[in-house]
Amino acid sequence: MDTNLCPRFEKAMGLISTRWVGLILFDLLKGTKRFSEMEADLPISGRLLSDRLKMLEKEGIVTRDVYSEFPVRIEYSLSEKGKALAPVIKEIQKWAEEHISDDETSEEC
């Protein structure tokens, strides 16, 4: 087995392990969302959510669509690159359901 850390793997783990990114990806797996919907769904401040979405957009994981309406409507969704993370996120969810007890969290699922 190669003991050298692959820079691509390191970059991927850095992205996914950035605080709140996993929850944002999990939320967007349900479909396109407006900022206010995500802000209501997630235990994260609007400012931090905005920062994370900008980061994910820059990485090509999230797409931001702006609709010229009044008021302007902005929607976020996973790009093809982001959708490719679905099996990873689902496996983490499966692992969590099997290995993390309700006693280890503040709420039940």
# chains A, B, ... in the order shown; residues from 1 in each chain; ligands from 1

$ residues_around --residues "segment 79-95 of chain A" --least-positions-apart "4" --cutoff "9 Å" --atoms "only C-alpha atoms" --output "list in words"
Gly22, Leu25, Phe26, Leu29, Leu56, Glu57, Gly60, Ile61, Val62, Thr63, His99 and Ile100 of chain A

$ select_by_dssp --residues "chain A" --states "strand (DSSP E or B)" --output "number ranges by chain"
A: 33-34, 62-67, 73-78

$ write_last_selection --atoms "N, CA, C and O atoms" --output "CSV table (one decimal), in the first residue's frame"
chain,number,residue,atom,x,y,z
A,33,LYS,N,-32.4,24.7,-3.8
A,33,LYS,CA,-32.9,25.4,-2.7
A,33,LYS,C,-32.6,26.9,-2.8
A,33,LYS,O,-31.6,27.3,-3.4
A,34,ARG,N,-33.4,27.7,-2.2
A,34,ARG,CA,-33.1,29.1,-2.1
A,34,ARG,C,-32.3,29.3,-0.8
A,34,ARG,O,-32.4,28.5,0.1
A,62,VAL,N,-21.2,23.5,-6.4
A,62,VAL,CA,-22.6,24.1,-6.3
A,62,VAL,C,-22.7,25.1,-7.4
A,62,VAL,O,-21.8,25.8,-7.8
A,63,THR,N,-23.9,25.1,-8.0
A,63,THR,CA,-24.3,26.1,-9.0
A,63,THR,C,-25.2,27.1,-8.4
A,63,THR,O,-26.1,26.8,-7.5
A,64,ARG,N,-25.1,28.4,-8.8
A,64,ARG,CA,-25.9,29.5,-8.3
A,64,ARG,C,-26.6,30.1,-9.5
A,64,ARG,O,-26.0,30.6,-10.4
A,65,ASP,N,-27.9,30.0,-9.5
A,65,ASP,CA,-28.7,30.5,-10.6
A,65,ASP,C,-29.5,31.7,-10.1
A,65,ASP,O,-30.2,31.7,-9.1
A,66,VAL,N,-29.4,32.8,-10.9
A,66,VAL,CA,-30.0,34.1,-10.5
A,66,VAL,C,-31.1,34.3,-11.6
A,66,VAL,O,-30.9,34.3,-12.8
A,67,TYR,N,-32.3,34.6,-11.1
A,67,TYR,CA,-33.5,34.8,-11.9
A,67,TYR,C,-33.9,36.3,-11.8
A,67,TYR,O,-34.1,36.8,-10.7
A,73,ARG,N,-34.6,36.3,-7.6
A,73,ARG,CA,-34.6,34.9,-7.0
A,73,ARG,C,-33.3,34.3,-7.3
A,73,ARG,O,-32.8,34.3,-8.4
A,74,ILE,N,-32.7,33.8,-6.2
A,74,ILE,CA,-31.4,33.1,-6.4
A,74,ILE,C,-31.6,31.6,-5.8
A,74,ILE,O,-32.1,31.5,-4.7
A,75,GLU,N,-31.2,30.7,-6.6
A,75,GLU,CA,-31.3,29.3,-6.2
A,75,GLU,C,-30.0,28.6,-6.3
A,75,GLU,O,-29.2,28.9,-7.2
A,76,TYR,N,-29.8,27.6,-5.4
A,76,TYR,CA,-28.5,26.9,-5.4
A,76,TYR,C,-28.9,25.4,-5.6
A,76,TYR,O,-29.9,24.9,-5.1
A,77,SER,N,-28.0,24.7,-6.3
A,77,SER,CA,-28.1,23.3,-6.6
A,77,SER,C,-26.8,22.7,-6.7
A,77,SER,O,-25.7,23.4,-6.9
A,78,LEU,N,-26.7,21.4,-6.7
A,78,LEU,CA,-25.4,20.7,-6.9
A,78,LEU,C,-25.2,20.6,-8.4
A,78,LEU,O,-26.0,20.3,-9.2

$ select_by_dssp --residues "chain A" --states "alpha helix (DSSP H)" --output "JSON, numbers by chain"
{"A": [7, 8, 9, 10, 11, 12, 13, 14, 15, 16, 21, 22, 23, 24, 25, 26, 27, 28, 35, 36, 37, 38, 39, 40, 41, 46, 47, 48, 49, 50, 51, 52, 53, 54, 55, 56, 57, 58, 80, 81, 82, 83, 86, 87, 88, 89, 90, 91, 92, 93, 94, 95, 96, 97, 98, 99]}

$ closest_residue --among "A:Ala40, A:Asn4, A:Phe35, A:Arg52" --to "Val21 of chain A" --atoms "only C-alpha atoms"
A:Arg52

$ atom_distance --atom1 "atom CA of Ser106 of chain A" --atom2 "atom CA of Leu23 of chain A"
16.1 Å

$ residues_around --residues "Glu39 of chain A" --least-positions-apart "4" --cutoff "10 Å" --atoms "only C-alpha atoms" --output "PyMOL selection string"
chain A and resi 24+33-35+43-50

$ decode --residues "segment 16-108 of chain A" --atoms "C-alpha atoms" --output "CSV table (one decimal), in the first residue's frame"
chain,number,residue,atom,x,y,z
A,16,ILE,CA,-15.6,17.8,2.6
A,17,SER,CA,-14.4,18.2,6.1
A,18,THR,CA,-14.7,22.0,6.1
A,19,ARG,CA,-17.2,22.8,8.8
A,20,TRP,CA,-20.8,22.8,7.6
A,21,VAL,CA,-20.0,21.7,4.1
A,22,GLY,CA,-21.2,18.2,4.7
A,23,LEU,CA,-24.6,19.4,6.0
A,24,ILE,CA,-24.9,21.9,3.1
A,25,LEU,CA,-24.2,19.1,0.6
A,26,PHE,CA,-26.7,16.8,2.4
A,27,ASP,CA,-29.4,19.5,2.2
A,28,LEU,CA,-28.7,20.2,-1.5
A,29,LEU,CA,-29.0,16.4,-2.3
A,30,LYS,CA,-32.8,16.9,-1.7
A,31,GLY,CA,-32.9,19.4,-4.6
A,32,THR,CA,-32.6,23.0,-5.6
A,33,LYS,CA,-32.9,25.4,-2.7
A,34,ARG,CA,-33.1,29.1,-2.1
A,35,PHE,CA,-30.8,30.7,0.4
A,36,SER,CA,-33.5,31.3,2.9
A,37,GLU,CA,-34.6,27.7,2.8
A,38,MET,CA,-31.1,26.5,3.5
A,39,GLU,CA,-30.7,29.0,6.3
A,40,ALA,CA,-33.9,27.7,7.9
A,41,ASP,CA,-32.9,24.1,7.4
A,42,LEU,CA,-29.4,24.3,8.8
A,43,PRO,CA,-28.0,25.4,12.2
A,44,ILE,CA,-25.6,27.9,10.6
A,45,SER,CA,-25.5,31.7,10.4
A,46,GLY,CA,-26.4,33.4,7.1
A,47,ARG,CA,-23.0,34.9,6.8
A,48,LEU,CA,-21.2,31.5,7.2
A,49,LEU,CA,-23.7,29.8,4.9
A,50,SER,CA,-23.0,32.5,2.3
A,51,ASP,CA,-19.2,32.0,2.7
A,52,ARG,CA,-19.5,28.2,2.3
A,53,LEU,CA,-21.8,28.4,-0.7
A,54,LYS,CA,-19.3,30.8,-2.4
A,55,MET,CA,-16.5,28.3,-1.7
A,56,LEU,CA,-18.5,25.4,-3.1
A,57,GLU,CA,-19.4,27.5,-6.1
A,58,LYS,CA,-15.8,28.4,-6.7
A,59,GLU,CA,-14.9,24.7,-6.5
A,60,GLY,CA,-17.6,23.8,-9.1
A,61,ILE,CA,-19.6,21.7,-6.6
A,62,VAL,CA,-22.6,24.1,-6.3
A,63,THR,CA,-24.3,26.1,-9.0
A,64,ARG,CA,-25.9,29.5,-8.3
A,65,ASP,CA,-28.7,30.5,-10.6
A,66,VAL,CA,-30.0,34.1,-10.5
A,67,TYR,CA,-33.5,34.8,-11.9
A,68,SER,CA,-34.3,38.4,-12.9
A,69,GLU,CA,-37.6,38.7,-11.1
A,70,PHE,CA,-38.8,41.1,-8.5
A,71,PRO,CA,-37.5,40.4,-6.0
A,72,VAL,CA,-34.5,38.7,-7.5
A,73,ARG,CA,-34.6,34.9,-7.0
A,74,ILE,CA,-31.4,33.1,-6.4
A,75,GLU,CA,-31.3,29.3,-6.2
A,76,TYR,CA,-28.5,26.9,-5.4
A,77,SER,CA,-28.1,23.3,-6.6
A,78,LEU,CA,-25.4,20.7,-6.9
A,79,SER,CA,-23.5,20.7,-10.1
A,80,GLU,CA,-22.6,17.3,-11.8
A,81,LYS,CA,-19.4,17.4,-9.8
A,82,GLY,CA,-21.5,18.0,-6.6
A,83,LYS,CA,-24.0,15.2,-7.5
A,84,ALA,CA,-21.1,12.8,-7.8
A,85,LEU,CA,-20.6,13.2,-4.0
A,86,ALA,CA,-24.1,11.7,-3.4
A,87,PRO,CA,-22.8,8.1,-2.8
A,88,VAL,CA,-20.1,9.5,-0.4
A,89,ILE,CA,-22.6,11.5,1.6
A,90,LYS,CA,-25.1,8.6,1.7
A,91,GLU,CA,-22.4,6.2,2.9
A,92,ILE,CA,-21.5,8.7,5.7
A,93,GLN,CA,-25.2,8.9,6.7
A,94,LYS,CA,-25.4,5.1,6.7
A,95,TRP,CA,-22.3,4.8,8.8
A,96,ALA,CA,-23.6,7.4,11.2
A,97,GLU,CA,-26.9,5.6,11.6
A,98,GLU,CA,-25.1,2.3,12.4
A,99,HIS,CA,-22.3,3.6,14.6
A,100,ILE,CA,-23.4,6.8,16.4
A,101,SER,CA,-26.0,6.4,19.1
A,102,ASP,CA,-28.7,8.9,20.1
A,103,ASP,CA,-26.8,9.3,23.4
A,104,GLU,CA,-23.9,10.8,21.4
A,105,THR,CA,-26.0,13.5,19.9
A,106,SER,CA,-28.2,16.2,21.3
A,107,GLU,CA,-31.2,15.1,19.2
A,108,GLU,CA,-32.7,12.0,17.7
